[in-house]
>>> print(open('input_35.cif').read())   # mmCIF, C-alpha atoms
data_run
loop_
_atom_site.label_atom_id
_atom_site.label_comp_id
_atom_site.auth_asym_id
_atom_site.auth_seq_id
_atom_site.Cartn_x
_atom_site.Cartn_y
_atom_site.Cartn_z
CA MET A 1 9.97 41.59 29.95
CA SER A 2 9.78 39.66 33.20
CA ASN A 3 9.42 36.50 31.15
CA LEU A 4 12.63 37.27 29.34
CA ALA A 5 14.38 37.98 32.61
CA LEU A 6 13.17 34.67 34.01
CA LEU A 7 14.33 32.89 30.89
CA LEU A 8 17.78 34.45 31.09
CA GLN A 9 17.96 33.55 34.75
CA ASP A 10 17.06 29.98 33.84
CA VAL A 11 19.69 29.79 31.14
CA LEU A 12 22.38 31.24 33.36
CA GLN A 13 21.48 29.02 36.25
CA GLU A 14 21.39 25.92 34.07
CA PRO A 15 23.86 23.78 36.03
CA GLN A 16 26.04 22.85 33.08
CA LEU A 17 24.97 24.00 29.66
CA ILE A 18 28.33 22.80 28.40
CA ASP A 19 29.92 19.97 30.32
CA TRP A 20 33.59 20.33 29.34
CA GLU A 21 34.42 17.21 31.33
CA TRP A 22 32.21 15.15 29.02
CA ILE A 23 33.80 16.69 25.96
CA ARG A 24 37.28 15.85 27.21
CA GLU A 25 36.33 12.29 28.09
CA ASN A 26 34.45 11.52 24.88
CA PHE A 27 36.53 13.51 22.44
CA TRP A 28 38.20 10.57 20.72
CA GLU A 29 35.42 7.98 21.01
CA ASP A 30 32.40 10.13 20.12
CA ILE A 31 33.27 13.52 18.72
CA VAL A 32 36.13 12.76 16.31
CA PRO A 33 34.36 9.81 14.64
CA ALA A 34 31.21 11.94 14.29
CA VAL A 35 33.20 14.66 12.51
CA GLN A 36 34.88 12.07 10.28
CA GLY A 37 31.55 10.42 9.49
CA HIS A 38 30.06 13.78 8.63
CA ILE A 39 32.90 14.71 6.29
CA PHE A 40 32.65 11.27 4.67
CA LEU A 41 28.88 11.56 4.10
CA SER A 42 29.09 15.06 2.67
CA PHE A 43 32.14 14.46 0.50
CA VAL A 44 30.89 11.18 -1.01
CA SER A 45 27.46 12.71 -1.70
CA VAL A 46 28.75 15.82 -3.45
CA ALA A 47 31.28 13.75 -5.44
CA LEU A 48 28.62 11.29 -6.60
CA ALA A 49 26.25 14.14 -7.41
CA LEU A 50 28.96 15.76 -9.56
CA VAL A 51 29.44 12.53 -11.50
CA ILE A 52 25.75 12.70 -12.42
CA ALA A 53 25.32 16.47 -12.68
CA LEU A 54 28.25 17.28 -14.96
CA PRO A 55 27.17 15.10 -17.91
CA VAL A 56 23.51 16.02 -17.41
CA GLY A 57 24.46 19.70 -17.25
CA VAL A 58 26.60 19.53 -20.40
CA PHE A 59 23.82 17.65 -22.19
CA SER A 60 21.17 20.17 -21.04
CA ALA A 61 23.32 23.08 -22.16
CA ARG A 62 23.62 21.51 -25.63
CA TYR A 63 20.07 20.28 -26.05
CA ARG A 64 18.05 23.09 -24.53
CA LYS A 65 14.74 21.21 -24.71
CA VAL A 66 15.98 18.82 -22.04
CA TYR A 67 16.78 21.58 -19.55
CA PRO A 68 13.27 22.58 -18.33
CA PRO A 69 12.18 19.00 -17.52
CA VAL A 70 15.55 18.34 -15.85
CA THR A 71 15.20 21.39 -13.58
CA PHE A 72 11.56 20.51 -12.93
CA VAL A 73 12.36 17.00 -11.69
CA THR A 74 15.45 17.99 -9.69
CA GLY A 75 13.52 21.02 -8.38
CA ILE A 76 10.80 18.74 -7.01
CA LEU A 77 13.44 16.51 -5.42
CA TYR A 78 15.05 19.59 -3.90
CA SER A 79 11.84 20.81 -2.31
CA ILE A 80 11.01 17.51 -0.56
CA PRO A 81 11.92 17.95 3.13
CA SER A 82 14.87 15.77 4.04
CA LEU A 83 13.24 13.84 6.86
CA ALA A 84 10.41 12.95 4.47
CA LEU A 85 12.81 11.91 1.72
CA PHE A 86 14.73 9.71 4.15
CA ALA A 87 11.45 8.12 5.26
CA ILE A 88 10.34 7.54 1.66
CA LEU A 89 13.71 5.98 0.75
CA ILE A 90 13.76 3.53 3.66
CA SER A 91 10.20 2.51 2.78
CA ILE A 92 11.47 1.12 -0.52
CA PRO A 93 11.85 -2.65 -0.16
CA GLY A 94 15.53 -3.63 -0.01
CA VAL A 95 16.71 -0.24 1.25
CA THR A 96 17.87 -0.56 4.85
CA ILE A 97 18.63 2.22 7.32
CA GLY A 98 22.24 3.40 7.38
CA PRO A 99 24.51 5.69 5.36
CA ALA A 100 23.29 4.42 1.94
CA PRO A 101 19.81 6.05 1.88
CA VAL A 102 21.29 9.19 3.45
CA ILE A 103 23.83 9.46 0.63
CA ILE A 104 21.14 8.85 -2.00
CA ALA A 105 19.05 11.68 -0.56
CA LEU A 106 22.03 14.04 -0.28
CA VAL A 107 22.93 13.33 -3.91
CA ALA A 108 19.33 14.08 -4.91
CA TYR A 109 19.49 17.45 -3.11
CA SER A 110 22.77 18.44 -4.77
CA LEU A 111 21.60 17.75 -8.32
CA LEU A 112 19.50 20.89 -8.90
CA ILE A 113 22.23 23.28 -7.72
CA LEU A 114 25.03 21.49 -9.57
CA ILE A 115 23.18 21.07 -12.86
CA ARG A 116 21.95 24.66 -12.80
CA ASN A 117 25.44 26.00 -12.23
CA THR A 118 26.99 23.74 -14.88
CA VAL A 119 24.54 25.07 -17.45
CA ALA A 120 25.02 28.66 -16.27
CA GLY A 121 28.80 28.20 -16.41
CA LEU A 122 28.71 26.86 -19.96
CA ASP A 123 26.32 29.65 -20.97
CA SER A 124 28.79 32.22 -19.67
CA VAL A 125 31.45 31.15 -22.18
CA PRO A 126 31.52 33.84 -24.91
CA PRO A 127 30.51 32.49 -28.34
CA GLU A 128 33.51 34.31 -29.89
CA THR A 129 35.85 32.18 -27.78
CA ILE A 130 34.23 29.01 -29.09
CA ASP A 131 34.42 30.35 -32.66
CA ALA A 132 38.09 31.11 -32.17
CA ALA A 133 38.72 27.60 -30.86
CA ARG A 134 36.87 26.13 -33.82
CA GLY A 135 38.88 28.31 -36.17
CA MET A 136 42.03 26.87 -34.61
CA GLY A 137 40.81 23.45 -35.69
CA LEU A 138 39.68 22.04 -32.34
CA THR A 139 37.08 19.28 -32.45
CA ASN A 140 33.82 19.57 -30.50
CA ARG A 141 35.20 17.32 -27.81
CA GLN A 142 38.38 19.35 -27.53
CA ILE A 143 36.39 22.57 -27.35
CA LEU A 144 34.31 21.14 -24.49
CA PHE A 145 37.23 19.87 -22.43
CA ARG A 146 39.86 22.49 -23.21
CA VAL A 147 37.82 25.65 -23.62
CA GLU A 148 34.25 25.48 -22.33
CA LEU A 149 34.63 23.45 -19.13
CA PRO A 150 37.75 25.29 -17.89
CA LEU A 151 36.01 28.63 -18.47
CA ALA A 152 32.83 27.35 -16.80
CA LEU A 153 34.75 25.94 -13.84
CA PRO A 154 34.43 28.92 -11.45
CA VAL A 155 30.63 28.89 -11.81
CA ILE A 156 30.58 25.10 -11.38
CA VAL A 157 32.71 25.41 -8.24
CA ALA A 158 30.32 28.07 -6.96
CA GLY A 159 27.60 25.44 -7.34
CA ILE A 160 29.72 22.87 -5.52
CA ARG A 161 30.15 25.37 -2.71
CA ILE A 162 26.43 26.01 -2.28
CA ALA A 163 25.65 22.28 -2.58
CA THR A 164 28.32 21.34 -0.02
CA VAL A 165 27.12 23.85 2.58
CA THR A 166 23.53 22.69 2.08
CA ILE A 167 24.52 19.02 2.26
CA ILE A 168 26.55 19.44 5.46
CA GLY A 169 23.45 20.87 7.12
CA ILE A 170 21.03 18.24 5.86
CA ALA A 171 23.44 15.39 6.65
CA THR A 172 22.85 16.04 10.37
CA ILE A 173 19.25 14.84 9.92
CA GLY A 174 20.54 11.63 8.31
CA ALA A 175 21.67 10.45 11.72
CA TYR A 176 17.99 9.75 12.45
CA ILE A 177 18.12 6.80 10.04
CA ASN A 178 21.55 5.71 11.31
CA GLY A 179 23.59 7.60 8.73
CA GLY A 180 26.11 8.62 11.40
CA GLY A 181 27.89 11.97 11.51
CA LEU A 182 27.40 14.95 13.78
CA GLY A 183 23.63 14.58 13.83
CA GLN A 184 24.20 11.52 16.01
CA LEU A 185 25.51 13.79 18.77
CA ILE A 186 22.47 16.07 18.39
CA PHE A 187 19.93 13.24 18.47
CA ASP A 188 21.69 11.51 21.38
CA GLY A 189 21.74 14.85 23.18
CA ILE A 190 17.99 15.26 22.65
CA SER A 191 17.10 11.78 23.84
CA ARG A 192 19.42 11.95 26.85
CA GLN A 193 18.36 15.54 27.62
CA PHE A 194 22.05 16.42 27.59
CA PRO A 195 22.66 19.91 26.12
CA THR A 196 26.43 19.42 25.82
CA MET A 197 26.00 16.85 23.05
CA ILE A 198 23.46 19.01 21.21
CA ILE A 199 25.72 22.04 21.37
CA ALA A 200 28.81 20.04 20.35
CA GLY A 201 27.02 18.58 17.31
CA ALA A 202 25.44 21.89 16.32
CA VAL A 203 28.60 23.96 16.69
CA LEU A 204 30.80 21.44 14.88
CA ALA A 205 28.34 21.01 11.98
CA THR A 206 28.14 24.79 11.60
CA ALA A 207 31.92 25.10 11.77
CA LEU A 208 32.31 22.37 9.15
CA ALA A 209 29.89 24.18 6.82
CA ILE A 210 31.67 27.51 7.27
CA ILE A 211 35.11 25.94 6.71
CA ALA A 212 33.91 24.17 3.55
CA ASP A 213 32.34 27.44 2.37
CA LEU A 214 35.57 29.39 2.84
CA LEU A 215 37.77 26.70 1.27
CA LEU A 216 35.59 26.42 -1.82
CA LEU A 217 35.27 30.19 -2.04
CA SER A 218 39.05 30.54 -2.21
CA LEU A 219 39.16 27.77 -4.84
CA GLU A 220 36.53 29.68 -6.81
CA ARG A 221 38.61 32.87 -6.66
CA TYR A 222 41.77 30.99 -7.59
CA LEU A 223 40.03 29.57 -10.67
CA ARG A 224 38.98 33.04 -11.78
CA PRO A 225 42.39 34.60 -12.45
CA TRP A 226 40.93 36.98 -15.03
CA ALA A 227 38.60 38.46 -12.40
CA ARG A 228 41.49 38.92 -9.98
CA ALA A 229 43.57 40.65 -12.63
CA GLY A 230 40.70 42.84 -13.75
CA ARG A 231 39.84 44.08 -10.26
CA THR A 232 40.78 47.67 -9.67
CA MET S 1 -0.19 -0.23 1.02
CA LEU S 2 -2.04 2.65 -0.60
CA PHE S 3 -5.19 1.76 1.29
CA LYS S 4 -3.25 1.57 4.54
CA ILE S 5 -1.76 5.01 3.90
CA LEU S 6 -5.21 6.46 3.24
CA GLU S 7 -6.32 4.89 6.52
CA VAL S 8 -3.66 6.93 8.30
CA TYR S 9 -5.05 10.10 6.72
CA ALA S 10 -8.48 9.13 8.02
CA ARG S 11 -7.18 8.97 11.57
CA PRO S 12 -8.78 11.51 13.87
CA ASP S 13 -5.42 13.01 14.86
CA PHE S 14 -4.27 13.64 11.27
CA PRO S 15 -6.05 16.98 10.74
CA GLU S 16 -4.62 18.18 14.06
CA LYS S 17 -1.05 17.29 12.99
CA LEU S 18 -1.56 18.97 9.63
CA ARG S 19 -3.02 22.04 11.34
CA GLN S 20 -0.06 22.22 13.73
CA HIS S 21 2.38 21.92 10.84
CA VAL S 22 0.74 24.68 8.80
CA LEU S 23 0.26 26.92 11.84
CA LEU S 24 3.87 26.46 12.94
CA SER S 25 5.21 27.25 9.46
CA LEU S 26 2.87 30.15 8.79
CA ALA S 27 3.39 31.80 12.18
CA ALA S 28 7.17 31.46 11.90
CA LEU S 29 7.11 32.90 8.38
CA LEU S 30 4.90 35.86 9.32
CA VAL S 31 6.96 36.74 12.39
CA ALA S 32 10.14 36.42 10.30
CA ILE S 33 8.71 38.77 7.66
CA ALA S 34 7.62 41.21 10.37
CA ILE S 35 11.17 41.26 11.70
CA ALA S 36 13.25 41.01 8.51
CA LEU S 37 11.43 43.53 6.28
CA PRO S 38 11.60 46.53 8.65
CA VAL S 39 15.24 45.72 9.39
CA ALA S 40 16.00 45.59 5.66
CA LEU S 41 14.26 48.95 5.21
CA LEU S 42 16.18 50.50 8.09
CA ILE S 43 19.56 49.40 6.81
CA ARG S 44 18.92 50.00 3.12
CA ASN S 45 21.05 53.11 2.93
CA THR S 46 24.03 51.99 4.98
CA ARG S 47 26.99 50.01 3.76
CA LEU S 48 27.55 48.46 7.17
CA GLY S 49 23.94 47.34 7.27
CA ALA S 50 24.28 45.53 3.96
CA ALA S 51 27.42 43.78 5.16
CA ILE S 52 25.63 42.70 8.34
CA ALA S 53 22.62 41.41 6.41
CA ILE S 54 24.79 39.40 4.04
CA ASN S 55 26.80 37.92 6.88
CA ILE S 56 23.69 36.98 8.83
CA GLY S 57 22.43 35.36 5.65
CA ASN S 58 25.63 33.41 5.10
CA VAL S 59 25.92 32.21 8.68
CA GLY S 60 22.20 31.39 8.65
CA ARG S 61 22.78 29.22 5.61
CA ALA S 62 25.64 27.40 7.35
CA VAL S 63 23.80 26.59 10.58
CA PRO S 64 21.94 23.29 10.14
CA SER S 65 18.20 23.60 10.78
CA LEU S 66 18.34 20.58 13.07
CA ALA S 67 21.00 22.39 15.12
CA ILE S 68 18.79 25.46 15.66
CA LEU S 69 15.79 23.35 16.64
CA ALA S 70 17.85 21.12 18.92
CA LEU S 71 19.47 24.14 20.57
CA ALA S 72 16.04 25.52 21.38
CA LEU S 73 15.48 22.50 23.60
CA PRO S 74 17.99 23.29 26.38
CA LEU S 75 17.42 27.05 26.02
CA LEU S 76 13.63 27.30 25.74
CA GLY S 77 12.35 23.89 26.73
CA ILE S 78 10.08 21.43 24.99
CA GLY S 79 6.97 22.23 22.95
CA PHE S 80 5.25 24.26 20.26
CA ALA S 81 6.51 27.67 21.43
CA SER S 82 10.19 26.81 21.37
CA ALA S 83 9.78 25.18 17.93
CA LEU S 84 8.15 28.40 16.77
CA VAL S 85 11.05 30.52 18.03
CA ALA S 86 13.60 28.21 16.35
CA LEU S 87 11.70 28.17 13.05
CA THR S 88 11.40 31.96 13.09
CA ALA S 89 15.15 32.26 13.57
CA LEU S 90 15.61 29.94 10.58
CA ALA S 91 13.13 31.85 8.43
CA ILE S 92 14.72 35.30 8.89
CA PRO S 93 18.04 35.04 6.95
CA PRO S 94 16.70 34.35 3.42
CA ILE S 95 14.14 37.15 3.70
CA LEU S 96 16.61 39.61 5.17
CA ILE S 97 19.32 38.91 2.60
CA ASN S 98 16.94 39.16 -0.38
CA ALA S 99 15.12 42.23 0.87
CA SER S 100 18.39 43.98 1.59
CA THR S 101 19.99 43.20 -1.77
CA GLY S 102 16.72 43.76 -3.65
CA LEU S 103 16.31 47.28 -2.25
CA ARG S 104 19.97 48.05 -2.78
CA GLU S 105 20.02 46.94 -6.39
CA VAL S 106 17.39 49.41 -7.55
CA SER S 107 19.36 51.33 -10.16
CA LYS S 108 20.71 54.76 -9.18
CA ASP S 109 19.46 56.19 -12.48
CA VAL S 110 15.90 55.19 -11.69
CA ILE S 111 16.13 56.79 -8.25
CA ASP S 112 17.68 59.96 -9.72
CA ALA S 113 14.89 60.15 -12.28
CA ALA S 114 12.27 59.73 -9.55
CA ARG S 115 13.92 62.44 -7.43
CA GLY S 116 14.00 64.71 -10.45
CA MET S 117 10.26 64.19 -10.85
CA GLY S 118 9.91 65.53 -7.30
CA LEU S 119 9.16 62.36 -5.33
CA SER S 120 9.77 62.61 -1.59
CA GLY S 121 11.74 59.98 0.35
CA GLY S 122 8.59 58.11 1.39
CA GLN S 123 7.14 58.20 -2.12
CA LEU S 124 10.44 57.01 -3.52
CA LEU S 125 10.28 54.00 -1.24
CA SER S 126 6.64 53.10 -1.77
CA ARG S 127 6.34 53.89 -5.50
CA ILE S 128 9.80 53.06 -6.84
CA GLN S 129 12.08 51.02 -4.59
CA LEU S 130 9.56 48.57 -3.12
CA PRO S 131 7.78 47.70 -6.41
CA ILE S 132 11.09 47.18 -8.23
CA ALA S 133 12.52 45.09 -5.40
CA ALA S 134 9.27 43.13 -4.91
CA PRO S 135 10.19 40.08 -7.04
CA VAL S 136 13.52 39.67 -5.24
CA ILE S 137 11.88 40.15 -1.83
CA PHE S 138 9.25 37.58 -2.76
CA ALA S 139 11.88 35.11 -3.93
CA GLY S 140 13.37 35.38 -0.44
CA ILE S 141 9.99 34.82 1.19
CA ARG S 142 9.42 31.79 -1.04
CA THR S 143 12.81 30.25 -0.16
CA SER S 144 12.08 30.90 3.47
CA ALA S 145 8.56 29.42 3.28
CA VAL S 146 9.67 26.19 1.64
CA GLN S 147 12.53 25.88 4.11
CA THR S 148 10.23 26.56 7.06
CA VAL S 149 7.72 23.90 5.99
CA ALA S 150 10.63 21.45 5.71
CA SER S 151 12.17 22.40 9.05
CA ALA S 152 8.77 22.24 10.76
CA THR S 153 8.98 18.48 10.15
CA LEU S 154 11.84 18.46 12.66
CA ALA S 155 9.73 20.20 15.32
CA THR S 156 8.60 16.75 16.42
CA PHE S 157 12.06 16.12 17.91
CA ILE S 158 11.54 18.91 20.44
CA GLY S 159 7.88 18.19 21.07
CA GLY S 160 6.59 20.85 18.70
CA GLY S 161 4.08 18.59 16.94
CA GLY S 162 3.30 18.70 13.25
CA LEU S 163 3.45 16.05 10.54
CA GLY S 164 6.91 14.98 11.69
CA ASP S 165 5.08 13.25 14.56
CA LEU S 166 3.75 10.71 12.06
CA ILE S 167 7.22 10.02 10.63
CA VAL S 168 8.65 9.48 14.11
CA GLU S 169 5.69 7.31 15.12
CA GLY S 170 6.01 5.21 11.98
CA TYR S 171 9.78 4.92 12.33
CA SER S 172 9.87 3.95 15.99
CA SER S 173 6.90 1.56 15.85
CA ARG S 174 8.10 0.16 12.51
CA GLY S 175 4.77 1.06 10.98
CA PRO S 176 5.77 1.53 7.35
CA GLU S 177 2.36 2.90 6.33
CA ILE S 178 2.43 5.57 9.07
CA LEU S 179 6.01 6.49 8.13
CA LEU S 180 5.16 6.80 4.46
CA ALA S 181 1.88 8.61 5.10
CA GLY S 182 3.69 11.25 7.15
CA ALA S 183 6.51 11.59 4.61
CA LEU S 184 4.16 11.93 1.64
CA ALA S 185 2.01 14.51 3.43
CA VAL S 186 5.10 16.59 4.25
CA ALA S 187 6.45 16.26 0.70
CA ILE S 188 3.15 17.34 -0.85
CA LEU S 189 2.81 20.26 1.56
CA ALA S 190 6.33 21.41 0.64
CA ILE S 191 5.69 21.16 -3.10
CA ILE S 192 2.37 23.04 -2.74
CA THR S 193 4.23 25.76 -0.83
CA GLU S 194 6.91 25.98 -3.52
CA VAL S 195 4.40 26.16 -6.37
CA GLY S 196 2.00 28.45 -4.50
CA PHE S 197 4.63 30.98 -3.56
CA GLY S 198 6.03 30.82 -7.10
CA ALA S 199 2.61 31.94 -8.34
CA LEU S 200 2.47 34.72 -5.71
CA GLU S 201 5.90 35.86 -6.85
CA ARG S 202 4.59 36.32 -10.38
CA VAL S 203 1.54 38.21 -9.09
CA PHE S 204 3.77 40.62 -7.17
CA THR S 205 6.08 41.31 -10.10
CA PRO S 206 5.06 44.74 -11.45
CA LYS S 207 3.80 44.79 -15.04
CA GLY S 208 6.66 46.97 -16.23
CA LEU S 209 9.25 44.55 -14.87
CA LYS S 210 7.56 41.62 -16.58
CA ILE S 211 7.79 43.39 -19.91
CA ALA S 212 11.46 44.15 -19.23
CA GLN S 213 12.08 40.49 -18.33
CA LYS S 214 10.45 39.34 -21.55
CA ARG S 215 12.65 41.67 -23.56
CA GLY S 216 15.56 40.06 -21.81
CA SER S 217 16.94 43.23 -20.34
#
>>> encode(input="input_35.cif", output="structure tokens")
Amino acid sequence: MSNLALLLQDVLQEPQLIDWEWIRENFWEDIVPAVQGHIFLSFVSVALALVIALPVGVFSARYRKVYPPVTFVTGILYSIPSLALFAILISIPGVTIGPAPVIIALVAYSLLILIRNTVAGLDSVPPETIDAARGMGLTNRQILFRVELPLALPVIVAGIRIATVTIIGIATIGAYINGGGLGQLIFDGISRQFPTMIIAGAVLATALAIIADLLLLSLERYLRPWARAGRT
Amino acid sequence: MLFKILEVYARPDFPEKLRQHVLLSLAALLVAIAIALPVALLIRNTRLGAAIAINIGNVGRAVPSLAILALALPLLGIGFASALVALTALAIPPILINASTGLREVSKDVIDAARGMGLSGGQLLSRIQLPIAAPVIFAGIRTSAVQTVASATLATFIGGGGLGDLIVEGYSSRGPEILLAGALAVAILAIITEVGFGALERVFTPKGLKIAQKRGS
């Protein structure tokens, strides 16, 4: 108990846990670009991952034999700790430190979630609906784009939401290999022993993740009009 | 290159780093279980409790692991102990959220049937609710374990030791073999954790549930 009291005393007596002066002075030069860099890294990574995951997901939903090996490989990628994956990537000859290897790693992390949700979304489309579409004379391609994917969209967006929140968190670590973003503030704060920068980076990265979560959640709800109507 | 990497593993300080990494992860996981499970049990019958657990889980998912570890530095100082506290904080949300939803999702009919057979509150918990919720609880522990092993790599940034030390050493001294040796060791440890806990999860799934899963119900 006395230890805890001492600790609290320490924290409270810490001369300036948050140095507002620094935040005011460095807002435009340091903080805003870090936020922008972070949004850029996360957005580009999730977008690229979608470009890969959607076709792979559609293919895996059609040809079921492909699905287990796909989830196995992306599952292994997903379980490799990010700092290790960054280190492995920059060890590859020709890959230099910077945003590129960070984006590659973030794409790799998004794949499992996005592919899994694409398949789950397509699976959730009732077979009767597809039969009806076929009866109306739609081709396979038309059924995919006009019936299956629109109906699967809420589940796919749910995947995008989980992937985005995960990616925003992991992107902070990318600053270690010069990827930029809010992690830069955290790492600079650690090396300068300056808590204000650590707290600024941590709070803003968390806020970004929560905002992205809420935005995508409302998109998900918007795309599920039948659920809204059916709610009592 | 391969030979050089193996040389790193033969270094006298490698077993110590590995030991630190495992100890840090395991201790954080055990403390997190010791905190999250009783809390989940306490709040299992209250609506408010469930809402709190889910919100803690969601916020926990949004806070970057690096942020928690870095914040431990100004608050708790440098070293193994503050890394342990940070990792424990990171390990709690997945366990809490799964344990809480797992216990809650035990079907009312099953509980009614058990009550009708004359089971007391304690028996209901130990013979019905816990076994049925076990796979979900274990899934939470597995998520948490894999995440903790990964986040323990970051302990090096606040002087907590572990295999992350090798990655930092290799990166800052431009020693590609040290960098890669550290990264591969961490990756393998994480995959072993994932696979190992997956096996444990199957062991802890009651026989009856396995049959039900096979039937697809």
>>> residues_around(input="input_35.cif", residues="Asp112 of chain S", least_positions_apart="4", cutoff="12 Å", atoms="all atoms listed in the file", output="list of chain:residue names")
S:Val106, S:Ser107, S:Lys108, S:Gly116, S:Met117, S:Gly118, S:Leu119, S:Ser120, S:Gly121, S:Leu124, S:Ile128, S:Gln129
>>> write_last_selection(input="input_35.cif", atoms="C-alpha atoms", output="PDB file, keeping the file's coordinate frame")
ATOM      1  CA  VAL S 106      17.390  49.410  -7.550  1.00  0.00           C
ATOM      2  CA  SER S 107      19.360  51.330 -10.160  1.00  0.00           C
ATOM      3  CA  LYS S 108      20.710  54.760  -9.180  1.00  0.00           C
ATOM      4  CA  GLY S 116      14.000  64.710 -10.450  1.00  0.00           C
ATOM      5  CA  MET S 117      10.260  64.190 -10.850  1.00  0.00           C
ATOM      6  CA  GLY S 118       9.910  65.530  -7.300  1.00  0.00           C
ATOM      7  CA  LEU S 119       9.160  62.360  -5.330  1.00  0.00           C
ATOM      8  CA  SER S 120       9.770  62.610  -1.590  1.00  0.00           C
ATOM      9  CA  GLY S 121      11.740  59.980   0.350  1.00  0.00           C
ATOM     10  CA  LEU S 124      10.440  57.010  -3.520  1.00  0.00           C
ATOM     11  CA  ILE S 128       9.800  53.060  -6.840  1.00  0.00           C
ATOM     12  CA  GLN S 129      12.080  51.020  -4.590  1.00  0.00           C
TER      13      GLN S 129
END
>>> interface_residues(input="input_35.cif", of="chain S", to="chain A", cutoff="9 Å", atoms="only C-alpha atoms", output="MDAnalysis selection string")
chainID S and resid 58:59 61:68 70:71 73:76 146:147 149:151 153:154 157:158 164 167 171 176:177 179:180 182:191 194
>>> residues_around(input="input_35.cif", residues="segment 59-71 of chain A", least_positions_apart="4", cutoff="10 Å", atoms="only C-alpha atoms", output="PyMOL selection string")
chain A and resi 53-55+75-78+111-113+115-116+118-123
>>> closest_residue(input="input_35.cif", among="S:Leu69, S:Leu18, S:Leu24, S:Val136", to="Ala89 of chain S", atoms="all atoms listed in the file")
S:Leu69
>>> residues_around(input="input_35.cif", residues="Leu130 of chain S", least_positions_apart="2", cutoff="12 Å", atoms="all atoms listed in the file", output="tab-separated table (two decimals) with C-alpha atoms, in the coordinates of the input")
chain	number	residue	atom	x	y	z
S	37	LEU	CA	11.43	43.53	6.28
S	40	ALA	CA	16.00	45.59	5.66
S	41	LEU	CA	14.26	48.95	5.21
S	44	ARG	CA	18.92	50.00	3.12
S	99	ALA	CA	15.12	42.23	0.87
S	100	SER	CA	18.39	43.98	1.59
S	101	THR	CA	19.99	43.20	-1.77
S	102	GLY	CA	16.72	43.76	-3.65
S	103	LEU	CA	16.31	47.28	-2.25
S	104	ARG	CA	19.97	48.05	-2.78
S	105	GLU	CA	20.02	46.94	-6.39
S	106	VAL	CA	17.39	49.41	-7.55
S	111	ILE	CA	16.13	56.79	-8.25
S	122	GLY	CA	8.59	58.11	1.39
S	123	GLN	CA	7.14	58.20	-2.12
S	124	LEU	CA	10.44	57.01	-3.52
S	125	LEU	CA	10.28	54.00	-1.24
S	126	SER	CA	6.64	53.10	-1.77
S	127	ARG	CA	6.34	53.89	-5.50
S	128	ILE	CA	9.80	53.06	-6.84
S	132	ILE	CA	11.09	47.18	-8.23
S	133	ALA	CA	12.52	45.09	-5.40
S	134	ALA	CA	9.27	43.13	-4.91
S	135	PRO	CA	10.19	40.08	-7.04
S	136	VAL	CA	13.52	39.67	-5.24
S	137	ILE	CA	11.88	40.15	-1.83
S	138	PHE	CA	9.25	37.58	-2.76
S	204	PHE	CA	3.77	40.62	-7.17
S	205	THR	CA	6.08	41.31	-10.10
S	206	PRO	CA	5.06	44.74	-11.45
>>> axis_aligned_box(input="input_35.cif", around="segment 131-140 of chain A", padding_each_side="4 Å", output="lines of an AutoDock Vina configuration file")
center_x = 37.9
center_y = 25.2
center_z = -33.3
size_x = 16.2
size_y = 19.8
size_z = 13.7
>>> residues_around(input="input_35.cif", residues="Phe80 of chain S", least_positions_apart="6", cutoff="12 Å", atoms="only C-alpha atoms", output="MDAnalysis selection string")
chainID S and resid 17 20:21 23:25 27:28 69 72:73 86:87 152 154:162
>>> closest_residue(input="input_35.cif", among="S:Gly77, S:Gly140, S:Pro38, S:Gly208", to="Gly57 of chain S", atoms="only C-alpha atoms")
S:Gly140
>>> resolve_selection(input="input_35.cif", expression="the PyMOL selection byres ((chain A and resi 149) around 12)", output="PyMOL selection string")
chain A and resi 54-55+57-58+61+117-125+130+141-148+150-157+223
>>> resolve_selection(input="input_35.cif", expression="the PyMOL selection byres ((chain A and resi 180) around 8)", output="PDB file with C-alpha atoms, keeping the file's coordinate frame")
ATOM      1  CA  ALA A  34      31.210  11.940  14.290  1.00  0.00           C
ATOM      2  CA  GLY A  37      31.550  10.420   9.490  1.00  0.00           C
ATOM      3  CA  HIS A  38      30.060  13.780   8.630  1.00  0.00           C
ATOM      4  CA  GLY A  98      22.240   3.400   7.380  1.00  0.00           C
ATOM      5  CA  PRO A  99      24.510   5.690   5.360  1.00  0.00           C
ATOM      6  CA  GLY A 174      20.540  11.630   8.310  1.00  0.00           C
ATOM      7  CA  ALA A 175      21.670  10.450  11.720  1.00  0.00           C
ATOM      8  CA  ASN A 178      21.550   5.710  11.310  1.00  0.00           C
ATOM      9  CA  GLY A 179      23.590   7.600   8.730  1.00  0.00           C
ATOM     10  CA  GLY A 181      27.890  11.970  11.510  1.00  0.00           C
ATOM     11  CA  LEU A 182      27.400  14.950  13.780  1.00  0.00           C
ATOM     12  CA  GLY A 183      23.630  14.580  13.830  1.00  0.00           C
ATOM     13  CA  GLN A 184      24.200  11.520  16.010  1.00  0.00           C
TER      14      GLN A 184
END
>>> closest_residue(input="input_35.cif", among="A:Ile23, A:Leu138, A:Ile103, A:Ala158", to="Ile39 of chain A", atoms="all atoms listed in the file")
A:Ile103
>>> closest_residue(input="input_35.cif", among="A:Ile52, A:Leu217, A:Ala132, A:Val46", to="Leu106 of chain A", atoms="only C-alpha atoms")
A:Val46
